[in-house]
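*Asks:* First the structure, then my questions, so here it is.
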Amino acid sequence: MLEKALYGSKGYYVWILLLLGIIGLGSIAYYTQLTQGLKITGMSRDVSWGFYIAQFTYLVGVAASAVMLVLPYYFHHYKAFSKMIILGEFMAIAAVSMCMLFIVVDLGQPQRLLNVILHPTPNSILFWDMVVLNGYLFLNIVIGWTTLQAERKGVTPASWVKPLVYLSVIWAFSIHTVTAFLYAGIPGRHYWLTAILAARFLASAFCSGPAILLLLALLLRRLTKYDPGKEAIQSLAKIITYAMCVNVFFFGLELFTAFYSNIPGHMHPFIYLFYGMEGHGALVPFMWAAAVMAIGCLVLLIPSAWRDNENIMIVALLMLVGATWIDKGLALLVAGFIPNMFDKVTEYAPTIPELAIAMMVYAIGALILTVLWKVAVSVKKEIA
Amino acid sequence: MYDGGKIITGLVVFIGLVTFPLWSNVGKAAKKPDPKIDTPVIQQLPEKERKCIEPKALMQAEHMKILNDWRDAVVRDGNRIYVSSSGKSFNMSLQKECMNCHSNKKKFCDECHNYADVKPYCWTCHIEPKEKEKVAWASIEENS
Amino acid sequence: MGINRREFLKIAGISAVAGLGGTSAIDLLRRAPVEASQVSPNPKALTAKRWAMVVDTRKLTEADCKRMIEACHRIHNVPDIGTKQEVKWIWTEEYKHAFPDDMNEFVSDEVKHKPFLMLCNHCDQPACVRVCPTKATYKRADGIVMMDMHRCIGCRFCMAACPFGARSFNFGDPRPYVKEENPKYPTRMRGVVEKCTFCTERLAEGLMPACVEVSNGALIFGDLDDPNSEVRQALRSNYSIRRKPNLGTQPCVYYIV
């Protein structure tokens with residue numbers, strides 16, 4: 001089936017070349033990082049993780065979100081998703097690949113990566129994260145590919161695929177739970193030390209992931225006339241709306257606990273994020289923008305008349321992605337490190353090379369997604 | 001054969017790539033390595049004691065493995081004394097023991113490593129002995 | 001020959017896996033050239049069940065601290081970088097930064113402006129060890145939380161986990177920032193995390209940690225499990241505090257104030 005990715009329109013080739021160009025430019029930056037070290041990034045002794053790990057965290061959510069299609073389709077036989085589901089599974093593959101790449105580019109000694117397997121350490125959550133991410137990647141490749149192939153041949157998928165599908169549902173929850181455990185089990189980082197972090201991660205994943213999927217699916221419809229169906233689009237928008245409500249609600253719970261308890265350690269990260277601290281407030285405009293976008297997208301999404309209007313929905317989804325990205329792809333990481341362990345503020349901002357490397361990883365993800373979706377759409381059109 | 005042209009071109013490219021190490025090194029015969037052990041510390045030892053921790057053949061074949069074992073023994077288990085097969089004790093330390101005798105890293109380590117094109121990265125952390133080019137050193141001494 | 005492409009690929013695949021896996025299995029099974037029985041600790045080594053340090057802040061002046069920091073950083077080849085990507089094993093903080101949970105703005109003037117010596121706490125329940133995915137940082141039987149620089153992949157999970165900010169990452173090559181290399185100790189390379197080791201290399205030779213040696217008695221180092229040790233006597237007869245004890249990591253550095 002992969003040969004389908006080799007033939008396409010002029011626009012398709014231009015897009016692929018553009019992605020390869022970004023990857024090429026980014027790899028120059030990565031080569032600099034490999035030879036000079038992470039000193040080319042904006043990270044510091046106090047903020048020792050940055051943009052890379054934040055993107056990793058956000059993308060684990062995007063990967064896990066495929067379950068929002070798989071679960072209704074396979075558990076509840078919700079057939080409206082039949083044209084959308086392969087897009088979700090293939091997006092999960094691209095997202096998990098980006099997660100792994102973001103981990104690798106964040107390592108100080110990437111050539112020693114296999115030490116995680118050579119010296120397996122079950123007490124480390126990072127070890128389990130490696131296990132669940134690789135497992136999820138494998139599951140989605142196998143499931144997506146075999147079901148698509150079976151569809152192409154006009155047969156039902158082999159019987160061993162079903163158990164893997166059920167496993168992948170549980171597995172999707174596990175990847176984001178384990179990723180939350182990376183943060184939620186650390187003593188002394190108050191912004192992360194919260195029992196609902198995994199729940200927050202899942203809620204944010206189940207709105208932002210499907211929102212990105214839906215936006216991309218609508219783009220795909222415009223480019224290729226591949227229509228996932230009106231019912232599928234509206235159902236997914238409904239799922240997104242509910243998940244975003246839960247996401248905002250959970251954030252409110254955090255605010256309540258921090259400020260009603262009045263415990264300084266719990267309040268400080270929020271104060272830093274929304275008001276700034278000791279004269280440092282790099283994230284303040286971002287946070288207020290996120291707050292406005294989060295409320296704004298709910299205002300647009302909750303009334304069904306507005307939600308079902310595609311133009312309004314697209315605006316709302318863009319706001320939603322923006323809000324969740326600032327919350328999880330930026331603030332979550334940084335606020336865990338600010339104030340630092342000495343109650344001092346060292347701020348963080350990514351550098352140009354750091355952003356170039358991140359763009360490289362995103363371009364690789366986009367390339368994987370493009371190729372997989374090209375295959376999926378070509379096969380679907382062939383059998384239609 | 002369908003697509004014969006493409007297949008043959010592909011095969012030629014493949015064989016070219018696979019044999020890259022062979023043809024890229026043609027005419028660049030490397031000089032046989034000749035590691036030296038004539039350092040001041042070794043030469044001061046009486047003839048009978050001029051021996052490494054283990055027999056020469058074992059050291060040649062296994063020194064990398066021994067160094068790895070030493071590393072784990074010292075760093076992870078806190079064992080710092082090695083008793084050799086001949087019953088002599090040594091302090092397991094690359095910088096303080098090995099390189100004390102073999103203070104000529106360039107003529108001892110690098111000689112073979114360059115020949116075999118292996119690049120152990122011991123020296124990004126471990127500090128190599130300060131080596132002065134013998135001749136240059138002698139001339140500086142004379143002039144001063 | 002009745003072999004089709006599918007079967008050929010299967011056989012080729014299995015042979016490749018067997019070939020690759022087989023050699024590594026043989027490598028693993030090969031006997032180590034150095035037998036475990038051939039190695040032993042240095043008989044001169046100082047030993048303890050649980051090493052701990054008591055910092056008598058009453059006896060410490062700015063100059064004392066500077067001397068200790070210098071001694072430590074010099075013998076361990078700690079680079080002097082001076083940016084926010086700095087590396088440090090031992091340094092000083094004011095009281096309100098060393099003990100941020102105390103939040104007592106009316107603490108005595110003396111304590112307020114006194115330098116507090118910061119170093120790895122060598123916790124009894126170290127969070128850094130719990131999170132390390134390669135066992136590059138680990139707790140020794142004598143309580144010292146140690147780093148294996150050969151194994152660290154530079155993921156910096158330990159830096160996120162340490163509630164005491166004791167760890168530094170080598171964002172770049174540290175060598176250009178080491179003024180005078182101590183040839184008896186290695187430097188680090190870029191991409192690994194480092195911290196105070198309670199001078200394991202000195203204990204192994206029967207020497208006290210470098211900072212203790214130059215402290216003129218302001219630092220006491222000894223076995224916390226031995227009721228007659230100097231540290232236990234000092235703790236028995238003086239009021240002492242530890243940094244962030246409520247996090248349950250059980251720091252083994254005590255401060256007499």
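Just so we're on the same page: first chain in the structure tokens is A, next is B, and so on; residues restart at 1 for each chain, and ligands are numbered from 1 in the order they show up.
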At a cut-off of 9 Å, using only C-alpha atoms, what residues contact Leu119 of chain C? Leave out same-chain residues fewer than 5 positions from it and give the result as a list in words.
*Replies:*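 Once the adjacent positions are removed, what remains is Lys88, Trp89, Ile90, Trp91, Thr92, Phe164, Gly165, Ala166, Arg167, Lys195, Cys196 and Val253 of chain C.
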*Asks:* Near segment 39-49 of chain B, within 7 Å and counting only C-alpha atoms, which residues show up once chain neighbours fewer than 5 positions away are dropped, as a list in words?
*Replies:* Cys101, His102, Ser103 and Asn104 of chain B
*Asks:* With C-alpha atoms retained, export the selected residues as a PDB file, in the first residue's frame.
*Replies:*
ATOM      1  CA  CYS B 101      53.016   3.735  33.810  1.00  0.00           C
ATOM      2  CA  HIS B 102      51.608   4.298  30.348  1.00  0.00           C
ATOM      3  CA  SER B 103      52.063   8.026  30.393  1.00  0.00           C
ATOM      4  CA  ASN B 104      52.588   8.008  26.627  1.00  0.00           C
TER       5      ASN B 104
END
*Asks:* Please determine the contact residues of chain B with respect to chain C at a cut-off of 6 Å, counting only C-alpha atoms, and supply them as a list in words.
*Replies:* Asn79, Arg80, Ile81, Tyr82, Val83, Thr124, Cys125, His126 and Ile127 of chain B
*Asks:* Using only C-alpha atoms, can you tell me which of C:Gly206, C:Pro245, C:Pro100, C:Pro126 comes closest to chain A?
*Replies:*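 Nearest to chain A: C:Pro100.
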*Asks:* Find the residues around Leu318 of chain A up to 12 Å (only C-alpha atoms counted), leave out those fewer than 5 positions away in its own chain, and share them as a ChimeraX atom specification.
*Replies:* /A:207-216,290,293-294,296-298,300-301,311-313,323-325
*Asks:* Grab the residues selected above and save them as a PDB file, in the first residue's frame with N, CA and C atoms.
*Replies:*
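Written file, out_22.pdb:
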ATOM      1  N   CYS A 207      -9.834  16.698  24.339  1.00  0.00           N
ATOM      2  CA  CYS A 207     -10.383  17.808  23.557  1.00  0.00           C
ATOM      3  C   CYS A 207      -9.379  18.281  22.505  1.00  0.00           C
ATOM      4  N   SER A 208      -8.104  18.431  22.910  1.00  0.00           N
ATOM      5  CA  SER A 208      -7.155  19.011  21.954  1.00  0.00           C
ATOM      6  C   SER A 208      -6.830  18.040  20.818  1.00  0.00           C
ATOM      7  N   GLY A 209      -6.645  16.766  21.130  1.00  0.00           N
ATOM      8  CA  GLY A 209      -6.300  15.782  20.092  1.00  0.00           C
ATOM      9  C   GLY A 209      -7.379  15.692  19.017  1.00  0.00           C
ATOM     10  N   PRO A 210      -8.626  15.403  19.408  1.00  0.00           N
ATOM     11  CA  PRO A 210      -9.682  15.352  18.399  1.00  0.00           C
ATOM     12  C   PRO A 210      -9.876  16.694  17.687  1.00  0.00           C
ATOM     13  N   ALA A 211      -9.622  17.811  18.380  1.00  0.00           N
ATOM     14  CA  ALA A 211      -9.756  19.107  17.713  1.00  0.00           C
ATOM     15  C   ALA A 211      -8.744  19.228  16.582  1.00  0.00           C
ATOM     16  N   ILE A 212      -7.505  18.828  16.860  1.00  0.00           N
ATOM     17  CA  ILE A 212      -6.487  18.866  15.801  1.00  0.00           C
ATOM     18  C   ILE A 212      -6.884  17.912  14.675  1.00  0.00           C
ATOM     19  N   LEU A 213      -7.340  16.732  15.060  1.00  0.00           N
ATOM     20  CA  LEU A 213      -7.756  15.745  14.054  1.00  0.00           C
ATOM     21  C   LEU A 213      -8.870  16.300  13.173  1.00  0.00           C
ATOM     22  N   LEU A 214      -9.847  16.936  13.825  1.00  0.00           N
ATOM     23  CA  LEU A 214     -10.990  17.445  13.079  1.00  0.00           C
ATOM     24  C   LEU A 214     -10.566  18.568  12.126  1.00  0.00           C
ATOM     25  N   LEU A 215      -9.717  19.459  12.622  1.00  0.00           N
ATOM     26  CA  LEU A 215      -9.237  20.542  11.765  1.00  0.00           C
ATOM     27  C   LEU A 215      -8.494  19.974  10.558  1.00  0.00           C
ATOM     28  N   LEU A 216      -7.643  18.978  10.819  1.00  0.00           N
ATOM     29  CA  LEU A 216      -6.876  18.391   9.719  1.00  0.00           C
ATOM     30  C   LEU A 216      -7.794  17.622   8.774  1.00  0.00           C
ATOM     31  N   ALA A 290      -4.724  32.355  26.784  1.00  0.00           N
ATOM     32  CA  ALA A 290      -5.242  30.989  26.887  1.00  0.00           C
ATOM     33  C   ALA A 290      -6.580  30.989  27.621  1.00  0.00           C
ATOM     34  N   MET A 293      -9.238  32.338  25.328  1.00  0.00           N
ATOM     35  CA  MET A 293      -9.547  31.378  24.257  1.00  0.00           C
ATOM     36  C   MET A 293     -10.307  30.166  24.802  1.00  0.00           C
ATOM     37  N   ALA A 294      -9.946  29.728  26.003  1.00  0.00           N
ATOM     38  CA  ALA A 294     -10.616  28.559  26.579  1.00  0.00           C
ATOM     39  C   ALA A 294     -12.092  28.862  26.819  1.00  0.00           C
ATOM     40  N   GLY A 296     -13.741  31.376  25.479  1.00  0.00           N
ATOM     41  CA  GLY A 296     -14.340  31.729  24.181  1.00  0.00           C
ATOM     42  C   GLY A 296     -14.736  30.505  23.383  1.00  0.00           C
ATOM     43  N   CYS A 297     -13.879  29.502  23.344  1.00  0.00           N
ATOM     44  CA  CYS A 297     -14.204  28.330  22.525  1.00  0.00           C
ATOM     45  C   CYS A 297     -15.387  27.577  23.116  1.00  0.00           C
ATOM     46  N   LEU A 298     -15.508  27.607  24.443  1.00  0.00           N
ATOM     47  CA  LEU A 298     -16.662  26.930  25.045  1.00  0.00           C
ATOM     48  C   LEU A 298     -17.948  27.674  24.709  1.00  0.00           C
ATOM     49  N   LEU A 300     -18.562  29.251  22.076  1.00  0.00           N
ATOM     50  CA  LEU A 300     -18.916  28.948  20.691  1.00  0.00           C
ATOM     51  C   LEU A 300     -19.321  27.489  20.487  1.00  0.00           C
ATOM     52  N   LEU A 301     -18.790  26.608  21.349  1.00  0.00           N
ATOM     53  CA  LEU A 301     -19.017  25.180  21.103  1.00  0.00           C
ATOM     54  C   LEU A 301     -20.257  24.644  21.809  1.00  0.00           C
ATOM     55  N   ASN A 311     -18.139  26.935  10.043  1.00  0.00           N
ATOM     56  CA  ASN A 311     -17.216  28.067  10.128  1.00  0.00           C
ATOM     57  C   ASN A 311     -16.964  28.485  11.575  1.00  0.00           C
ATOM     58  N   ILE A 312     -18.053  28.537  12.357  1.00  0.00           N
ATOM     59  CA  ILE A 312     -17.888  28.871  13.776  1.00  0.00           C
ATOM     60  C   ILE A 312     -17.078  27.788  14.468  1.00  0.00           C
ATOM     61  N   MET A 313     -17.395  26.537  14.133  1.00  0.00           N
ATOM     62  CA  MET A 313     -16.697  25.426  14.784  1.00  0.00           C
ATOM     63  C   MET A 313     -15.186  25.499  14.529  1.00  0.00           C
ATOM     64  N   ALA A 323      -5.509  27.385  23.296  1.00  0.00           N
ATOM     65  CA  ALA A 323      -5.603  27.422  24.760  1.00  0.00           C
ATOM     66  C   ALA A 323      -4.952  26.196  25.384  1.00  0.00           C
ATOM     67  N   THR A 324      -5.253  25.012  24.852  1.00  0.00           N
ATOM     68  CA  THR A 324      -4.697  23.801  25.458  1.00  0.00           C
ATOM     69  C   THR A 324      -3.195  23.722  25.226  1.00  0.00           C
ATOM     70  N   TRP A 325      -2.744  24.253  24.087  1.00  0.00           N
ATOM     71  CA  TRP A 325      -1.308  24.190  23.828  1.00  0.00           C
ATOM     72  C   TRP A 325      -0.549  25.096  24.811  1.00  0.00           C
TER      73      TRP A 325
END
*Asks:* Report, in Å to a single decimal, how far apart atom CA of Val62 of chain A and atom CA of Ile338 of chain A are.
*Replies:*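 Here the two named atoms are 26.0 Å from each other.
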*Asks:* Taking only C-alpha atoms into account, find every residue of chain C that has an atom no more than 6 Å from chain A, and write it out as a PyMOL selection string.
*Replies:* chain C and resi 84-85+97+130-134+153-155+161+163-165+168+171-172+191
*Asks:* Considering only alpha helix (DSSP H) as DSSP defines it on the backbone, what residues of segment 57-182 of chain C qualify? List them as a ChimeraX atom specification.
*Replies:* /C:62-75,95-98,109-113,127-131,157-161
*Asks:* How many Å lie between atom CA of Thr177 of chain A and atom CA of Ala198 of chain A, rounded to one decimal?
*Replies:* 5.0 Å
*Asks:* Could you pull out all residues of segment 6-163 of chain C with a DSSP call of strand (DSSP E or B) and give them as a short mmCIF file (atom, residue, chain, number, x, y, z; two decimals) with all heavy atoms, in the first residue's frame?
*Replies:*
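Result file result15.cif:
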data_model
loop_
_atom_site.label_atom_id
_atom_site.label_comp_id
_atom_site.auth_asym_id
_atom_site.auth_seq_id
_atom_site.Cartn_x
_atom_site.Cartn_y
_atom_site.Cartn_z
N VAL C 39 38.59 -8.50 43.30
CA VAL C 39 38.56 -7.08 43.64
C VAL C 39 38.07 -6.92 45.08
O VAL C 39 37.32 -7.73 45.59
CB VAL C 39 37.66 -6.29 42.68
CG1 VAL C 39 38.17 -6.38 41.26
CG2 VAL C 39 36.23 -6.74 42.78
N SER C 40 38.53 -5.86 45.71
CA SER C 40 38.13 -5.63 47.10
C SER C 40 38.27 -4.15 47.41
O SER C 40 38.95 -3.42 46.69
CB SER C 40 39.05 -6.43 48.03
OG SER C 40 40.38 -6.06 47.77
N TRP C 51 26.45 7.45 56.10
CA TRP C 51 27.20 8.69 56.21
C TRP C 51 26.26 9.88 56.36
O TRP C 51 25.20 9.92 55.74
CB TRP C 51 28.07 8.90 54.98
CG TRP C 51 29.28 8.03 54.90
CD1 TRP C 51 29.52 7.07 53.96
CD2 TRP C 51 30.42 8.04 55.76
NE1 TRP C 51 30.73 6.47 54.19
CE2 TRP C 51 31.30 7.05 55.29
CE3 TRP C 51 30.76 8.77 56.90
CZ2 TRP C 51 32.53 6.78 55.91
CZ3 TRP C 51 31.98 8.51 57.50
CH2 TRP C 51 32.85 7.53 57.02
N ALA C 52 26.66 10.82 57.18
CA ALA C 52 25.86 12.03 57.35
C ALA C 52 26.78 13.18 57.69
O ALA C 52 27.93 12.98 58.09
CB ALA C 52 24.83 11.85 58.46
N MET C 53 26.26 14.40 57.50
CA MET C 53 27.07 15.58 57.77
C MET C 53 26.30 16.53 58.66
O MET C 53 25.07 16.68 58.52
CB MET C 53 27.41 16.28 56.45
CG MET C 53 28.32 17.48 56.63
SD MET C 53 28.66 18.32 55.08
CE MET C 53 29.93 17.29 54.42
N VAL C 54 27.00 17.14 59.60
CA VAL C 54 26.41 18.19 60.42
C VAL C 54 27.14 19.49 60.12
O VAL C 54 28.37 19.54 60.20
CB VAL C 54 26.50 17.84 61.92
CG1 VAL C 54 25.96 18.99 62.76
CG2 VAL C 54 25.74 16.56 62.22
N VAL C 55 26.37 20.51 59.73
CA VAL C 55 26.96 21.82 59.44
C VAL C 55 26.70 22.71 60.64
O VAL C 55 25.54 23.02 60.95
CB VAL C 55 26.32 22.43 58.17
CG1 VAL C 55 26.96 23.78 57.86
CG2 VAL C 55 26.43 21.48 56.99
N ASP C 56 27.75 23.09 61.33
CA ASP C 56 27.59 23.97 62.49
C ASP C 56 27.64 25.41 61.99
O ASP C 56 28.72 26.01 61.89
CB ASP C 56 28.69 23.70 63.52
CG ASP C 56 28.37 24.37 64.85
OD1 ASP C 56 27.55 25.31 64.84
OD2 ASP C 56 28.93 23.94 65.87
N TRP C 91 27.70 25.31 47.56
CA TRP C 91 27.59 26.76 47.43
C TRP C 91 26.84 27.29 48.65
O TRP C 91 26.49 26.50 49.55
CB TRP C 91 26.89 27.14 46.13
CG TRP C 91 25.43 26.80 46.05
CD1 TRP C 91 24.38 27.64 46.21
CD2 TRP C 91 24.85 25.50 45.80
NE1 TRP C 91 23.20 26.97 46.08
CE2 TRP C 91 23.45 25.66 45.84
CE3 TRP C 91 25.38 24.23 45.58
CZ2 TRP C 91 22.57 24.59 45.65
CZ3 TRP C 91 24.50 23.17 45.39
CH2 TRP C 91 23.13 23.35 45.42
N THR C 92 26.59 28.59 48.71
CA THR C 92 25.88 29.13 49.88
C THR C 92 24.59 29.81 49.45
O THR C 92 24.46 30.29 48.32
CB THR C 92 26.74 30.16 50.64
OG1 THR C 92 27.11 31.19 49.73
CG2 THR C 92 27.97 29.53 51.24
N GLU C 93 23.64 29.83 50.37
CA GLU C 93 22.37 30.53 50.18
C GLU C 93 22.04 31.24 51.48
O GLU C 93 22.49 30.83 52.55
CB GLU C 93 21.23 29.55 49.85
CG GLU C 93 21.34 28.82 48.54
CD GLU C 93 20.98 29.66 47.32
OE1 GLU C 93 20.51 30.80 47.50
OE2 GLU C 93 21.18 29.16 46.20
N PHE C 116 24.47 29.90 54.41
CA PHE C 116 24.18 28.49 54.66
C PHE C 116 24.79 27.66 53.54
O PHE C 116 24.58 27.96 52.36
CB PHE C 116 22.67 28.26 54.77
CG PHE C 116 22.12 28.66 56.10
CD1 PHE C 116 21.82 29.99 56.36
CD2 PHE C 116 21.93 27.72 57.10
CE1 PHE C 116 21.34 30.38 57.60
CE2 PHE C 116 21.45 28.10 58.34
CZ PHE C 116 21.15 29.43 58.59
N LEU C 117 25.51 26.63 53.96
CA LEU C 117 26.22 25.81 52.99
C LEU C 117 25.23 24.81 52.35
O LEU C 117 24.56 24.07 53.06
CB LEU C 117 27.33 25.05 53.72
CG LEU C 117 28.54 24.67 52.90
CD1 LEU C 117 29.19 25.90 52.29
CD2 LEU C 117 29.53 23.93 53.78
N MET C 118 25.16 24.84 51.01
CA MET C 118 24.24 23.95 50.31
C MET C 118 25.04 22.86 49.60
O MET C 118 26.05 23.16 48.95
CB MET C 118 23.46 24.73 49.25
CG MET C 118 22.60 25.87 49.76
SD MET C 118 21.11 25.28 50.55
CE MET C 118 21.54 25.51 52.26
N THR C 137 22.18 7.15 38.70
CA THR C 137 22.33 7.64 40.06
C THR C 137 21.70 6.59 40.96
O THR C 137 20.66 6.02 40.64
CB THR C 137 21.73 9.05 40.25
OG1 THR C 137 22.13 9.55 41.52
CG2 THR C 137 20.21 9.05 40.18
N TYR C 138 22.37 6.29 42.06
CA TYR C 138 21.95 5.18 42.90
C TYR C 138 22.45 5.42 44.31
O TYR C 138 23.35 6.23 44.53
CB TYR C 138 22.50 3.85 42.36
CG TYR C 138 23.99 3.86 42.21
CD1 TYR C 138 24.82 3.36 43.21
CD2 TYR C 138 24.58 4.42 41.08
CE1 TYR C 138 26.19 3.41 43.09
CE2 TYR C 138 25.95 4.48 40.95
CZ TYR C 138 26.75 3.97 41.95
OH TYR C 138 28.11 4.04 41.82
N LYS C 139 21.86 4.69 45.25
CA LYS C 139 22.27 4.86 46.63
C LYS C 139 23.17 3.71 47.02
O LYS C 139 22.81 2.55 46.84
CB LYS C 139 21.03 4.89 47.52
CG LYS C 139 21.27 5.57 48.84
CD LYS C 139 19.99 5.63 49.65
CE LYS C 139 20.32 5.15 51.04
NZ LYS C 139 19.22 4.58 51.74
N VAL C 145 24.53 8.93 47.98
CA VAL C 145 23.84 8.94 46.69
C VAL C 145 24.88 9.29 45.63
O VAL C 145 25.45 10.37 45.63
CB VAL C 145 22.68 9.94 46.67
CG1 VAL C 145 22.05 10.01 45.29
CG2 VAL C 145 21.63 9.54 47.70
N MET C 146 25.15 8.32 44.77
CA MET C 146 26.30 8.40 43.88
C MET C 146 25.85 8.52 42.43
O MET C 146 24.74 8.16 42.09
CB MET C 146 27.12 7.12 44.12
CG MET C 146 28.38 6.99 43.36
SD MET C 146 29.58 8.26 43.79
CE MET C 146 30.92 7.67 42.74
N MET C 147 26.73 9.06 41.62
CA MET C 147 26.46 9.17 40.18
C MET C 147 27.43 8.30 39.41
O MET C 147 28.62 8.30 39.70
CB MET C 147 26.70 10.61 39.70
CG MET C 147 25.63 11.62 40.00
SD MET C 147 24.15 11.40 39.03
CE MET C 147 24.74 11.44 37.34
#
*Asks:* Do you know which residues are at most 9 Å from Asp64 of chain C counting only C-alpha atoms, after dropping those on the same chain fewer than 5 positions away, and could you put them as a list in words?
*Replies:*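 The residues that qualify are Lys59, Ile69, Val214, Ser215, Asn216 and Ala218 of chain C.
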*Asks:* Can you list, as a list in words, every protein, DNA or RNA residue that comes within 8 Å of Glu3 of chain A when you count only C-alpha atoms, leaving out same-chain residues fewer than 3 positions away?
*Replies:*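 Skipping anything fewer than 3 positions along the chain leaves Leu6, Tyr7 and Val375 of chain A.
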*Asks:* With a distance cut-off of 9 Å and only C-alpha atoms, select the neighbouring residues of Cys99 of chain A, excluding the residue or stretch itself and same-chain residues fewer than 3 positions from it, and output the selection as a list in words.
*Replies:*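 Using only C-alpha atoms, the neighbours found are Ile53, Gln55, Phe56, Thr57, Tyr58, Leu59, Val60, Ala63, Ala94, Ala95, Val96, Phe102, Ile103, Val104, Leu133 and Val361 of chain A.
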*Asks:* Can you tell me how far atom CA of Val70 of chain A sits from atom CA of Gly88 of chain A, in Å to one decimal?
*Replies:* 8.2 Å
*Asks:* Considering only C-alpha atoms, return as a list in words whatever protein or nucleic-acid residues lie within 8 Å of Tyr272 of chain A, sequence-local ones (same chain, fewer than 4 positions apart) excluded.
*Replies:* His268, Gly276, Met277, His280, Gly281, Val284, Ala335, Ile338 and Pro339 of chain A
